[in-house]
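Source file target07.pdb; content: PDB, N, CA and C atoms.
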```pdb
MODEL        1
ATOM      1  N   MET A 629       4.202 -35.448  -7.891
ATOM      2  CA  MET A 629       4.175 -34.040  -8.246
ATOM      3  C   MET A 629       4.957 -33.274  -7.194
ATOM      4  N   LYS A 630       5.788 -32.348  -7.624
ATOM      5  CA  LYS A 630       6.602 -31.535  -6.746
ATOM      6  C   LYS A 630       5.978 -30.142  -6.661
ATOM      7  N   ALA A 631       6.027 -29.520  -5.488
ATOM      8  CA  ALA A 631       5.442 -28.194  -5.304
ATOM      9  C   ALA A 631       6.500 -27.212  -4.836
ATOM     10  N   TYR A 632       6.371 -25.970  -5.292
ATOM     11  CA  TYR A 632       7.231 -24.867  -4.874
ATOM     12  C   TYR A 632       6.325 -23.794  -4.307
ATOM     13  N   GLU A 633       6.720 -23.231  -3.187
ATOM     14  CA  GLU A 633       5.949 -22.125  -2.611
ATOM     15  C   GLU A 633       6.866 -20.922  -2.495
ATOM     16  N   PHE A 634       6.401 -19.781  -3.002
ATOM     17  CA  PHE A 634       7.206 -18.567  -2.991
ATOM     18  C   PHE A 634       6.297 -17.377  -3.230
ATOM     19  N   PRO A 635       6.683 -16.204  -2.743
ATOM     20  CA  PRO A 635       5.905 -15.001  -3.054
ATOM     21  C   PRO A 635       6.219 -14.544  -4.471
ATOM     22  N   ALA A 636       5.240 -13.983  -5.136
ATOM     23  CA  ALA A 636       5.426 -13.472  -6.491
ATOM     24  C   ALA A 636       4.618 -12.192  -6.642
ATOM     25  N   ASN A 637       4.970 -11.420  -7.644
ATOM     26  CA  ASN A 637       4.265 -10.171  -7.939
ATOM     27  C   ASN A 637       3.572 -10.274  -9.287
ATOM     28  N   ILE A 638       2.465  -9.559  -9.410
ATOM     29  CA  ILE A 638       1.779  -9.441 -10.683
ATOM     30  C   ILE A 638       2.125  -8.067 -11.240
ATOM     31  N   THR A 639       2.627  -8.040 -12.463
ATOM     32  CA  THR A 639       3.039  -6.781 -13.083
ATOM     33  C   THR A 639       1.823  -5.976 -13.517
ATOM     34  N   THR A 640       2.047  -4.733 -13.905
ATOM     35  CA  THR A 640       0.954  -3.896 -14.402
ATOM     36  C   THR A 640       0.402  -4.438 -15.711
ATOM     37  N   GLU A 641       1.183  -5.283 -16.399
ATOM     38  CA  GLU A 641       0.707  -5.911 -17.634
ATOM     39  C   GLU A 641      -0.091  -7.183 -17.344
ATOM     40  N   GLY A 642      -0.221  -7.539 -16.060
ATOM     41  CA  GLY A 642      -0.999  -8.719 -15.685
ATOM     42  C   GLY A 642      -0.218 -10.020 -15.764
ATOM     43  N   LYS A 643       1.095  -9.954 -15.714
ATOM     44  CA  LYS A 643       1.930 -11.153 -15.777
ATOM     45  C   LYS A 643       2.511 -11.449 -14.403
ATOM     46  N   ILE A 644       2.666 -12.721 -14.107
ATOM     47  CA  ILE A 644       3.242 -13.131 -12.834
ATOM     48  C   ILE A 644       4.758 -13.208 -12.984
ATOM     49  N   GLU A 645       5.454 -12.521 -12.095
ATOM     50  CA  GLU A 645       6.914 -12.553 -12.100
ATOM     51  C   GLU A 645       7.378 -13.668 -11.163
ATOM     52  N   LEU A 646       8.076 -14.650 -11.713
ATOM     53  CA  LEU A 646       8.610 -15.726 -10.901
ATOM     54  C   LEU A 646      10.043 -15.398 -10.517
ATOM     55  N   PRO A 647      10.433 -15.726  -9.287
ATOM     56  CA  PRO A 647      11.820 -15.482  -8.885
ATOM     57  C   PRO A 647      12.779 -16.311  -9.744
ATOM     58  N   ASP A 648      13.942 -15.737 -10.047
ATOM     59  CA  ASP A 648      14.926 -16.426 -10.874
ATOM     60  C   ASP A 648      15.331 -17.771 -10.290
ATOM     61  N   VAL A 649      15.458 -17.832  -8.971
ATOM     62  CA  VAL A 649      15.876 -19.086  -8.342
ATOM     63  C   VAL A 649      14.860 -20.208  -8.615
ATOM     64  N   ILE A 650      13.598 -19.880  -8.728
ATOM     65  CA  ILE A 650      12.568 -20.873  -9.046
ATOM     66  C   ILE A 650      12.622 -21.217 -10.527
ATOM     67  N   LEU A 651      12.763 -20.218 -11.366
ATOM     68  CA  LEU A 651      12.830 -20.472 -12.811
ATOM     69  C   LEU A 651      13.973 -21.415 -13.165
ATOM     70  N   GLN A 652      15.079 -21.314 -12.445
ATOM     71  CA  GLN A 652      16.229 -22.182 -12.706
ATOM     72  C   GLN A 652      15.936 -23.637 -12.347
ATOM     73  N   GLN A 653      14.992 -23.860 -11.442
ATOM     74  CA  GLN A 653      14.669 -25.214 -11.002
ATOM     75  C   GLN A 653      13.604 -25.877 -11.881
ATOM     76  N   LEU A 654      12.909 -25.099 -12.695
ATOM     77  CA  LEU A 654      11.829 -25.642 -13.512
ATOM     78  C   LEU A 654      12.355 -26.056 -14.876
ATOM     79  N   PRO A 655      12.022 -27.267 -15.313
ATOM     80  CA  PRO A 655      12.458 -27.683 -16.651
ATOM     81  C   PRO A 655      11.694 -26.921 -17.732
ATOM     82  N   ASN A 656      12.367 -26.620 -18.831
ATOM     83  CA  ASN A 656      11.723 -25.921 -19.950
ATOM     84  C   ASN A 656      10.778 -26.856 -20.683
ATOM     85  N   ASN A 657       9.830 -26.258 -21.391
ATOM     86  CA  ASN A 657       8.881 -26.996 -22.235
ATOM     87  C   ASN A 657       8.138 -28.083 -21.475
ATOM     88  N   GLN A 658       7.713 -27.768 -20.287
ATOM     89  CA  GLN A 658       6.930 -28.706 -19.486
ATOM     90  C   GLN A 658       5.677 -28.001 -18.997
ATOM     91  N   GLN A 659       4.555 -28.683 -19.054
ATOM     92  CA  GLN A 659       3.311 -28.116 -18.565
ATOM     93  C   GLN A 659       3.323 -28.163 -17.034
ATOM     94  N   VAL A 660       2.841 -27.088 -16.411
ATOM     95  CA  VAL A 660       2.791 -27.025 -14.957
ATOM     96  C   VAL A 660       1.371 -26.711 -14.510
ATOM     97  N   LYS A 661       1.085 -27.021 -13.270
ATOM     98  CA  LYS A 661      -0.208 -26.699 -12.678
ATOM     99  C   LYS A 661       0.003 -25.494 -11.765
ATOM    100  N   VAL A 662      -0.798 -24.460 -11.935
ATOM    101  CA  VAL A 662      -0.628 -23.225 -11.177
ATOM    102  C   VAL A 662      -1.809 -23.037 -10.229
ATOM    103  N   ILE A 663      -1.503 -22.766  -8.987
ATOM    104  CA  ILE A 663      -2.522 -22.431  -7.987
ATOM    105  C   ILE A 663      -2.161 -21.053  -7.456
ATOM    106  N   ILE A 664      -3.087 -20.123  -7.506
ATOM    107  CA  ILE A 664      -2.825 -18.753  -7.055
ATOM    108  C   ILE A 664      -3.642 -18.485  -5.793
ATOM    109  N   LEU A 665      -2.953 -18.075  -4.751
ATOM    110  CA  LEU A 665      -3.597 -17.711  -3.496
ATOM    111  C   LEU A 665      -3.405 -16.222  -3.281
ATOM    112  N   VAL A 666      -4.472 -15.511  -2.998
ATOM    113  CA  VAL A 666      -4.386 -14.071  -2.742
ATOM    114  C   VAL A 666      -4.995 -13.772  -1.375
ATOM    115  N   ASN A 667      -4.470 -12.746  -0.735
ATOM    116  CA  ASN A 667      -5.022 -12.321   0.548
ATOM    117  C   ASN A 667      -6.356 -11.638   0.313
ATOM    118  N   GLU A 668      -7.328 -12.000   1.110
ATOM    119  CA  GLU A 668      -8.627 -11.337   1.032
ATOM    120  C   GLU A 668      -8.654 -10.188   2.027
ATOM    121  N   PRO A 669      -9.388  -9.140   1.704
ATOM    122  CA  PRO A 669      -9.485  -8.024   2.656
ATOM    123  C   PRO A 669     -10.181  -8.486   3.938
ATOM    124  N   THR A 670      -9.772  -7.903   5.043
ATOM    125  CA  THR A 670     -10.404  -8.231   6.316
ATOM    126  C   THR A 670     -11.819  -7.665   6.345
ATOM    127  N   GLU A 671     -12.578  -8.093   7.321
ATOM    128  CA  GLU A 671     -13.948  -7.585   7.463
ATOM    129  C   GLU A 671     -13.935  -6.080   7.697
ATOM    130  N   ALA A 672     -12.968  -5.611   8.473
ATOM    131  CA  ALA A 672     -12.861  -4.169   8.744
ATOM    132  C   ALA A 672     -12.533  -3.400   7.471
ATOM    133  N   GLU A 673     -11.641  -3.941   6.631
ATOM    134  CA  GLU A 673     -11.294  -3.286   5.366
ATOM    135  C   GLU A 673     -12.491  -3.260   4.420
ATOM    136  N   GLN A 674     -13.260  -4.346   4.380
ATOM    137  CA  GLN A 674     -14.453  -4.387   3.536
ATOM    138  C   GLN A 674     -15.485  -3.369   4.012
ATOM    139  N   GLU A 675     -15.647  -3.252   5.332
ATOM    140  CA  GLU A 675     -16.614  -2.298   5.886
ATOM    141  C   GLU A 675     -16.176  -0.866   5.584
ATOM    142  N   GLU A 676     -14.886  -0.574   5.718
ATOM    143  CA  GLU A 676     -14.373   0.769   5.418
ATOM    144  C   GLU A 676     -14.604   1.115   3.952
ATOM    145  N   ALA A 677     -14.347   0.161   3.055
ATOM    146  CA  ALA A 677     -14.565   0.391   1.627
ATOM    147  C   ALA A 677     -16.044   0.650   1.343
ATOM    148  N   ALA A 678     -16.921  -0.081   2.015
ATOM    149  CA  ALA A 678     -18.363   0.115   1.822
ATOM    150  C   ALA A 678     -18.778   1.512   2.275
ATOM    151  N   TRP A 679     -18.246   1.973   3.407
ATOM    152  CA  TRP A 679     -18.562   3.325   3.896
ATOM    153  C   TRP A 679     -18.059   4.385   2.933
ATOM    154  N   GLN A 680     -16.881   4.182   2.382
ATOM    155  CA  GLN A 680     -16.336   5.153   1.426
ATOM    156  C   GLN A 680     -17.184   5.212   0.157
ATOM    157  N   ARG A 681     -17.641   4.050  -0.324
ATOM    158  CA  ARG A 681     -18.517   4.034  -1.509
ATOM    159  C   ARG A 681     -19.822   4.760  -1.212
ATOM    160  N   LEU A 682     -20.399   4.485  -0.039
ATOM    161  CA  LEU A 682     -21.656   5.125   0.334
ATOM    162  C   LEU A 682     -21.490   6.635   0.438
ATOM    163  N   ALA A 683     -20.395   7.086   1.057
ATOM    164  CA  ALA A 683     -20.154   8.524   1.195
ATOM    165  C   ALA A 683     -20.020   9.180  -0.174
ATOM    166  N   ALA A 684     -19.295   8.537  -1.087
ATOM    167  CA  ALA A 684     -19.126   9.093  -2.436
ATOM    168  C   ALA A 684     -20.465   9.145  -3.170
ATOM    169  N   GLU A 685     -21.261   8.087  -3.048
ATOM    170  CA  GLU A 685     -22.572   8.060  -3.708
ATOM    171  C   GLU A 685     -23.464   9.181  -3.175
ATOM    172  N   GLN A 686     -23.481   9.365  -1.847
ATOM    173  CA  GLN A 686     -24.319  10.389  -1.245
ATOM    174  C   GLN A 686     -23.860  11.792  -1.645
ATOM    175  N   LEU A 687     -22.554  11.986  -1.729
ATOM    176  CA  LEU A 687     -22.022  13.282  -2.147
ATOM    177  C   LEU A 687     -22.437  13.587  -3.577
ATOM    178  N   LEU A 688     -22.325  12.605  -4.450
ATOM    179  CA  LEU A 688     -22.677  12.831  -5.851
ATOM    180  C   LEU A 688     -24.174  12.985  -6.060
ATOM    181  N   LYS A 689     -24.987  12.414  -5.166
ATOM    182  CA  LYS A 689     -26.442  12.597  -5.271
ATOM    183  C   LYS A 689     -26.807  14.073  -5.126
ATOM    184  N   GLY A 690     -26.026  14.803  -4.319
ATOM    185  CA  GLY A 690     -26.308  16.214  -4.090
ATOM    186  C   GLY A 690     -25.810  17.117  -5.208
ATOM    187  N   TYR A 691     -25.078  16.554  -6.170
ATOM    188  CA  TYR A 691     -24.541  17.349  -7.270
ATOM    189  C   TYR A 691     -25.594  17.477  -8.357
ATOM    190  N   SER A 692     -25.788  18.666  -8.840
ATOM    191  CA  SER A 692     -26.759  18.934  -9.893
ATOM    192  C   SER A 692     -26.027  19.464 -11.114
ATOM    193  N   GLU A 693     -26.605  19.274 -12.286
ATOM    194  CA  GLU A 693     -26.022  19.845 -13.509
ATOM    195  C   GLU A 693     -25.942  21.364 -13.406
ATOM    196  N   ASP A 694     -26.845  21.956 -12.623
ATOM    197  CA  ASP A 694     -26.801  23.407 -12.417
ATOM    198  C   ASP A 694     -25.516  23.837 -11.710
ATOM    199  N   ASP A 695     -24.927  22.922 -10.927
ATOM    200  CA  ASP A 695     -23.685  23.235 -10.213
ATOM    201  C   ASP A 695     -22.485  23.324 -11.148
ATOM    202  N   ALA A 696     -22.612  22.887 -12.370
ATOM    203  CA  ALA A 696     -21.497  22.919 -13.321
ATOM    204  C   ALA A 696     -21.033  24.341 -13.585
ATOM    205  N   ILE A 697     -21.882  25.322 -13.348
ATOM    206  CA  ILE A 697     -21.490  26.721 -13.540
ATOM    207  C   ILE A 697     -20.306  27.079 -12.648
ATOM    208  N   TYR A 698     -20.237  26.463 -11.462
ATOM    209  CA  TYR A 698     -19.133  26.739 -10.548
ATOM    210  C   TYR A 698     -17.817  26.172 -11.081
ATOM    211  N   ASP A 699     -17.884  25.073 -11.805
ATOM    212  CA  ASP A 699     -16.680  24.517 -12.430
ATOM    213  C   ASP A 699     -16.116  25.505 -13.441
ATOM    214  N   THR A 700     -16.990  26.150 -14.183
ATOM    215  CA  THR A 700     -16.577  27.129 -15.180
ATOM    216  C   THR A 700     -15.946  28.338 -14.502
ATOM    217  N   ILE A 701     -16.549  28.784 -13.434
ATOM    218  CA  ILE A 701     -16.020  29.950 -12.705
ATOM    219  C   ILE A 701     -14.657  29.608 -12.131
ATOM    220  N   ARG A 702     -14.510  28.441 -11.529
ATOM    221  CA  ARG A 702     -13.240  28.034 -10.946
ATOM    222  C   ARG A 702     -12.163  27.969 -12.035
ATOM    223  N   ASN A 703     -12.492  27.412 -13.171
ATOM    224  CA  ASN A 703     -11.539  27.327 -14.271
ATOM    225  C   ASN A 703     -11.163  28.703 -14.798
ATOM    226  N   PHE A 704     -12.120  29.596 -14.805
ATOM    227  CA  PHE A 704     -11.880  30.951 -15.275
ATOM    228  C   PHE A 704     -10.903  31.681 -14.366
ATOM    229  N   THR A 705     -11.068  31.505 -13.055
ATOM    230  CA  THR A 705     -10.224  32.231 -12.101
ATOM    231  C   THR A 705      -8.817  31.673 -12.027
ATOM    232  N   THR A 706      -8.592  30.435 -12.465
ATOM    233  CA  THR A 706      -7.253  29.856 -12.398
ATOM    234  C   THR A 706      -6.428  30.141 -13.653
ATOM    235  N   LYS A 707      -7.032  30.763 -14.665
ATOM    236  CA  LYS A 707      -6.295  31.042 -15.914
ATOM    237  C   LYS A 707      -5.518  32.320 -15.811
TER
ENDMDL
END
```
Kindly return the structure encoded in the file as structure tokens.
Amino acid sequence: MKAYEFPANITTEGKIELPDVILQQLPNNQQVKVIILVNEPTEAEQEEAAWQRLAAEQLLKGYSEDDAIYDTIRNFTTK
């Protein structure tokens, strides 16, 4: 079995874009085995994301349906 290693991008449609130079080396109509390696977030990045989620949750806990009146006032003043 032969292996190729190269960086690739995933499109917004969820498809993997292979570099042309690699596509030229692969025979058509052949089954291949795909292994995908992705970078995992660091511990610091995971902790920062957790703090941001907690802050957003706490902020929204303080929001009441009664506060929706201010949304109406703000919309009224911007028209």
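Proximity ranking of A:Met629, A:Val662, A:Ala677, A:Ala683 relative to Ile644 (chain A) places A:Val662 first, based on only C-alpha atoms.
Across the structure, CA of Gln686 (chain A) and CA of Glu668 (chain A) are spaced 26.9 Å apart.
Take atom C of Trp679 (chain A) and CA of Tyr691 (chain A): the distance between them is 17.7 Å.
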(request) State, in Å with one decimal place, the distance from CA of Thr639 (chain A) to atom C of Arg681 (chain A). (result) 28.2 Å
